[in-house]
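Encoded as structure tokens, the structure appears first; notes follow it.
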Amino acid sequence: MFELVQCRKSLMVIFLALSFFMFISLSEARVHNYTWDITYQYKSQDCYKKLAITINGMTPGPVISATEGDTIIVNVINKLFMENVAIHWHSIRQIGTPWMDGADGVSQCATIPGDTFTYQFVVDKVRTYMYHSHYGVQKKSGLYGWLIKVTVPTGKSEPFKYDDDDHSIVFTDWYHSSSYEEATKLTSLPFVWIGEPQSLLINGRGKYVCSNLNTNVCDSTNPECVPYSLTVVPGKTYRLRIASLTSLSALSFQIEGHNLTVVEADGQYVEPFVTKNLYIYSGETYSVLVTANQDSSRNYWMSTNEVGRKPETPPGLAIFNYYPNHFNKIPHTIPPPGPAWNDNESRINQSLAIKAHRGFIQSPPSTSDKVILLLNTQNTIQGRTRWSLNNVSHTLPDTPYLIALKKNWTDVFDQTPPPESYDFQNYDIYNVPGNKNSTSTTSIYRLEFNSTVDVILQNANTMNVNNSETHPWHLHGHDFWVLGYGDGKFNLSSDVRKYNLVDPIMKSTVPLHPYGWTALRFRADNPGIWLFHCHIEVHFLMGMLVLFESGSEMVGEPPRQNMGCGWTKSLIKP
Ligand code: C2O
Ligand code: CU
């Protein structure tokens, strides 16, 4: 009898323990549910009043915070009346959920006015994420968001220490004309350049000089354009999560009188290094540590400057506020000027300094199965200026690729693969392209599932004499190893030998510097079709993109909400 009771007791204990653990694991992964109304609103982000696209009335949109493993559900309701919407979750790999990538023309038909699209995905990695429109050049209108801050689950730790981590800073550039005007100019014949942005924004705030303008149009006292202010307590160390979603500009970020320690890039821990300024390119995210160790009787400037292009835009400004000074107190100093805009060497050097943290190295495969060389230039197609890769410019088809692949609709896109190289021996990267006429294609690179692929981005001269631009390349669905950067033309034997296979950083956006090259390696291990493109929105519009398909046959059936355009109309007939 006694034994039976004992046995029952221990069974009970085991049962309780099991249910407790089940409860723990269930409660750990949470579901976050949001409903977003997308509307146009008048905003005065840089004091100049213009229409902006907002999420629940805000631009930048709301912040999402989560823990690794959580599920995010966002119901996006398009209330724009006359414009479609698609929202991309930048750097979320969408493993097993390729239908949720939010890329118009690739994973879905953009959502028409009045409709709702429900995005649902798991945040599988600790990281700082961003989201933004992936429809036309709509991001320029303000449809981008703050960061999804994914924190480390309890029990795991990070290789650096700080006192406070609640400061997300996103940089954008801002034009006063509408995205419609800009898209029209960029695709017109003859080509009309949109010029440099009017303002650089920090967390959606900037200061345009309103002088001579009617206060109905531009009012420098509007509270919407009060600079962002970050309050710090003397002696404490802060972690700033920094992101750039500029539509054109490459930036340098600095805090007057303070050093920045770079500790994380695109979700990977960096072997820490100290710098006065952080170069940041559209699509990148970083964490930097800053210690409030200067004279605390005053405030300091935080500033962004355009680099890589001759600046015509005043710096973006925010306030580094020492407690207990007033958060709005403008420093009486001149904002730090930042490095020279054309100091390419220091930008390459910073790129090279970003290496994986010693304790967190994820070694790349030592060899690759395929090498794709991509020459970045401009050409014209029937007189229209386009960006091209290996002299081929890319466009998106009317029917999303992923649906076309699933349905085996071979007429939707060009079935001949795009070129994997260019006339590497003879091409002069310092000259205006000789073959002015190029072709446009909807074709895709098909990669063997699970194979290792190297991409070498080669920069060159544009259609303007003595001009080569910076291109931040971003890959959807994967992170890649950054094997190297260099100046001039890539050398297939000697530069390959110099690849960093020891401690390369893994990123999802990487700059290609003027007249330089960047080499990266990734494993095609995410079933679907993924964009790889220049994150400069206007370059994307002008054809600077390619597509990588692999294992798309493993993807499940397209959800109904992803359809409605092109050939997919036939699938949703009653
Ligand atoms: Cu943030 Cu396809 O980009
Ligand atoms: Cu570009």
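In the structure tokens, the first chain shown is A, the next is B, and so on; residue numbers restart at 1 for each chain, and ligands run from 1 in the order shown.
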
Surrounding residues as a list of chain:residue names, ligand 2, max 10 Å, only C-alpha atoms and all ligand atoms:
A:Ser247, A:Leu248, A:Ser282, A:Asn376, A:Thr377, A:Trp387, A:Ser388, A:Glu469, A:Thr470, A:His471, A:Pro472, A:Trp473, A:Pro511, A:Leu512, A:His533, A:Cys534, A:His535, A:Ile536, A:Glu537, A:Val538, A:His539, A:Phe540, A:Leu541, A:Met542, A:Gly543, A:Met544, A:Leu545

From the set A:Leu531, A:Ala519, A:Ile381, A:Val217, which residue has the shortest atom-to-atom contact distance to ligand 1, counting only C-alpha atoms and all ligand atoms?
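So, comparing all the options, the nearest one is A:Leu531.
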
Write out as a ChimeraX atom specification which residues come within 10 Å of Met554 (chain A) when counting only C-alpha atoms, dropping same-chain ones fewer than 4 positions away.
/A:96,406,526-528,550

For those residues, write C-alpha atoms to a file as a PDB file, in the first residue's frame.
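Result file out_1.pdb:
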```pdb
ATOM      1  CA  GLY A  96       9.184  28.506 -44.085  1.00  0.00           C
ATOM      2  CA  LYS A 406       4.509  27.374 -57.953  1.00  0.00           C
ATOM      3  CA  ASN A 526      15.915  29.038 -47.802  1.00  0.00           C
ATOM      4  CA  PRO A 527      13.283  27.636 -50.178  1.00  0.00           C
ATOM      5  CA  GLY A 528      11.708  30.354 -52.296  1.00  0.00           C
ATOM      6  CA  SER A 550      16.310  27.914 -54.896  1.00  0.00           C
TER       7      SER A 550
END
```

Write down as a list in words the residues of region 136-252 of chain A whose backbone DSSP state falls under helix (DSSP H, G or I).
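Assigned to helix (DSSP H, G or I), within region 136-252 of chain A: Gln138, Lys139, Lys140, Ser141, Ser179, Tyr180, Glu181, Glu182, Ala183, Thr184, Lys185, Leu186, Pro223, Glu224 and Cys225 of chain A.
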
Selection above as a file: all heavy atoms, as a short mmCIF file (atom, residue, chain, number, x, y, z; two decimals), in the first residue's frame:
```
data_model
loop_
_atom_site.label_atom_id
_atom_site.label_comp_id
_atom_site.auth_asym_id
_atom_site.auth_seq_id
_atom_site.Cartn_x
_atom_site.Cartn_y
_atom_site.Cartn_z
N GLN A 138 7.52 53.81 -52.58
CA GLN A 138 6.61 54.25 -51.52
C GLN A 138 7.29 54.52 -50.18
O GLN A 138 6.81 55.32 -49.39
CB GLN A 138 5.55 53.15 -51.34
CG GLN A 138 4.34 53.53 -50.58
CD GLN A 138 3.31 52.40 -50.66
OE1 GLN A 138 3.63 51.25 -50.41
NE2 GLN A 138 2.09 52.75 -51.01
N LYS A 139 8.41 53.85 -49.94
CA LYS A 139 9.15 54.07 -48.69
C LYS A 139 9.50 55.55 -48.53
O LYS A 139 9.47 56.08 -47.43
CB LYS A 139 10.42 53.21 -48.71
CG LYS A 139 11.41 53.50 -47.61
CD LYS A 139 12.39 52.36 -47.40
CE LYS A 139 13.33 52.09 -48.55
NZ LYS A 139 14.48 53.03 -48.58
N LYS A 140 9.82 56.20 -49.67
CA LYS A 140 10.15 57.62 -49.65
C LYS A 140 9.05 58.48 -49.06
O LYS A 140 9.31 59.59 -48.59
CB LYS A 140 10.34 58.13 -51.09
CG LYS A 140 11.62 57.75 -51.73
CD LYS A 140 11.54 58.02 -53.22
CE LYS A 140 12.25 59.22 -53.74
NZ LYS A 140 12.91 60.15 -53.00
N SER A 141 7.80 58.01 -49.14
CA SER A 141 6.69 58.80 -48.64
C SER A 141 6.51 58.67 -47.13
O SER A 141 5.55 59.21 -46.58
CB SER A 141 5.39 58.37 -49.30
OG SER A 141 5.51 58.42 -50.68
N SER A 179 6.49 61.14 -54.12
CA SER A 179 7.15 59.99 -54.76
C SER A 179 6.65 59.79 -56.18
O SER A 179 7.36 59.24 -57.01
CB SER A 179 6.93 58.69 -53.99
OG SER A 179 6.50 58.91 -52.73
N TYR A 180 5.42 60.23 -56.46
CA TYR A 180 4.91 60.12 -57.84
C TYR A 180 5.74 60.97 -58.78
O TYR A 180 6.12 60.54 -59.85
CB TYR A 180 3.45 60.59 -57.92
CG TYR A 180 2.50 59.69 -57.19
CD1 TYR A 180 1.97 60.06 -55.96
CD2 TYR A 180 2.13 58.46 -57.73
CE1 TYR A 180 1.09 59.23 -55.29
CE2 TYR A 180 1.26 57.63 -57.06
CZ TYR A 180 0.73 58.01 -55.84
OH TYR A 180 -0.13 57.19 -55.18
N GLU A 181 6.01 62.22 -58.35
CA GLU A 181 6.82 63.11 -59.18
C GLU A 181 8.20 62.51 -59.40
O GLU A 181 8.74 62.55 -60.50
CB GLU A 181 7.01 64.46 -58.46
CG GLU A 181 5.94 65.47 -58.75
CD GLU A 181 6.17 66.72 -57.91
OE1 GLU A 181 6.97 67.57 -58.33
OE2 GLU A 181 5.55 66.82 -56.82
N GLU A 182 8.77 61.97 -58.31
CA GLU A 182 10.13 61.44 -58.41
C GLU A 182 10.19 60.22 -59.33
O GLU A 182 11.07 60.12 -60.17
CB GLU A 182 10.66 61.13 -57.01
CG GLU A 182 11.07 62.42 -56.34
CD GLU A 182 11.01 62.36 -54.83
OE1 GLU A 182 10.92 61.24 -54.29
OE2 GLU A 182 11.03 63.43 -54.21
N ALA A 183 9.22 59.32 -59.16
CA ALA A 183 9.20 58.13 -60.02
C ALA A 183 9.02 58.53 -61.47
O ALA A 183 9.63 57.95 -62.37
CB ALA A 183 8.09 57.18 -59.58
N THR A 184 8.21 59.56 -61.71
CA THR A 184 7.99 60.03 -63.09
C THR A 184 9.27 60.59 -63.68
O THR A 184 9.66 60.24 -64.80
CB THR A 184 6.88 61.10 -63.11
OG1 THR A 184 5.73 60.56 -62.46
CG2 THR A 184 6.53 61.51 -64.52
N LYS A 185 9.96 61.45 -62.90
CA LYS A 185 11.20 62.04 -63.39
C LYS A 185 12.21 60.94 -63.75
O LYS A 185 12.82 60.96 -64.80
CB LYS A 185 11.82 62.93 -62.31
CG LYS A 185 11.10 64.27 -62.15
CD LYS A 185 11.78 65.04 -61.02
CE LYS A 185 11.04 66.34 -60.75
NZ LYS A 185 11.48 66.95 -59.48
N LEU A 186 12.39 59.99 -62.84
CA LEU A 186 13.44 58.99 -62.99
C LEU A 186 13.20 58.03 -64.15
O LEU A 186 14.13 57.39 -64.64
CB LEU A 186 13.58 58.17 -61.70
CG LEU A 186 14.04 58.95 -60.48
CD1 LEU A 186 13.80 58.15 -59.21
CD2 LEU A 186 15.52 59.31 -60.61
N PRO A 223 5.75 71.81 -33.50
CA PRO A 223 6.30 70.79 -32.61
C PRO A 223 6.68 69.48 -33.31
O PRO A 223 7.50 68.72 -32.80
CB PRO A 223 5.18 70.54 -31.59
CG PRO A 223 3.97 71.24 -32.10
CD PRO A 223 4.42 72.27 -33.09
N GLU A 224 6.10 69.23 -34.51
CA GLU A 224 6.43 68.00 -35.22
C GLU A 224 7.90 67.95 -35.68
O GLU A 224 8.41 66.89 -36.00
CB GLU A 224 5.53 67.82 -36.46
CG GLU A 224 4.16 67.32 -36.11
CD GLU A 224 3.26 67.17 -37.33
OE1 GLU A 224 3.76 67.10 -38.47
OE2 GLU A 224 2.04 67.12 -37.12
N CYS A 225 8.53 69.15 -35.73
CA CYS A 225 9.92 69.13 -36.18
C CYS A 225 10.91 69.53 -35.08
O CYS A 225 12.04 69.94 -35.37
CB CYS A 225 10.10 69.98 -37.44
SG CYS A 225 9.60 71.70 -37.28
#
```

May I have the residues within 7 Å of Leu240 (chain A) as a PyMOL selection string, using only C-alpha atoms and disregarding those fewer than 2 positions away in the same chain?
chain A and resi 165+167-168+238+242+287-289

Write a file of the just-selected residues containing C-alpha atoms, as a PDB file, in the first residue's frame.
```pdb
ATOM      1  CA  ASP A 165      19.203  49.934 -23.962  1.00  0.00           C
ATOM      2  CA  HIS A 167      17.235  53.928 -27.795  1.00  0.00           C
ATOM      3  CA  SER A 168      16.458  53.133 -31.401  1.00  0.00           C
ATOM      4  CA  TYR A 238      24.174  53.450 -23.513  1.00  0.00           C
ATOM      5  CA  ILE A 242      20.946  52.567 -35.264  1.00  0.00           C
ATOM      6  CA  SER A 287      24.544  48.790 -32.191  1.00  0.00           C
ATOM      7  CA  VAL A 288      27.042  51.226 -30.758  1.00  0.00           C
ATOM      8  CA  LEU A 289      27.943  51.890 -27.139  1.00  0.00           C
TER       9      LEU A 289
END
```

Near Val502 (chain A), within 10 Å and counting only C-alpha atoms, which residues show up once chain neighbours fewer than 6 positions away are dropped, as a ChimeraX atom specification?
/A:355-356,358,361-364,366,483

What does the distance between CA of Thr367 (chain A) and CA of Leu501 (chain A) come to in Å, to one decimal place?
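Interatomic distance here is 9.6 Å.
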
With distances taken over only C-alpha atoms, which of A:Asn203, A:Thr452, A:Thr568, A:Thr333 is nearest to Val412 (chain A)?
A:Thr568

Counting only C-alpha atoms and all ligand atoms, the residue of A:Pro159, A:Gly283, A:Pro558, A:Pro62 that sits nearest ligand 1
A:Gly283

Write out as a count of residues only the set of residues from region 332-463 of chain A that DSSP, computed on the backbone, places in strand (DSSP E).
34

Nearest-residue call for ligand 1, choices A:Ser244, A:Ser494, A:Ser438, A:Asn408, using only C-alpha atoms and all ligand atoms:
A:Ser244

Between A:Asp525, A:Glu284, A:Asp398, A:Asp495, single out the one closest to ligand 1, counting only C-alpha atoms and all ligand atoms.
A:Glu284
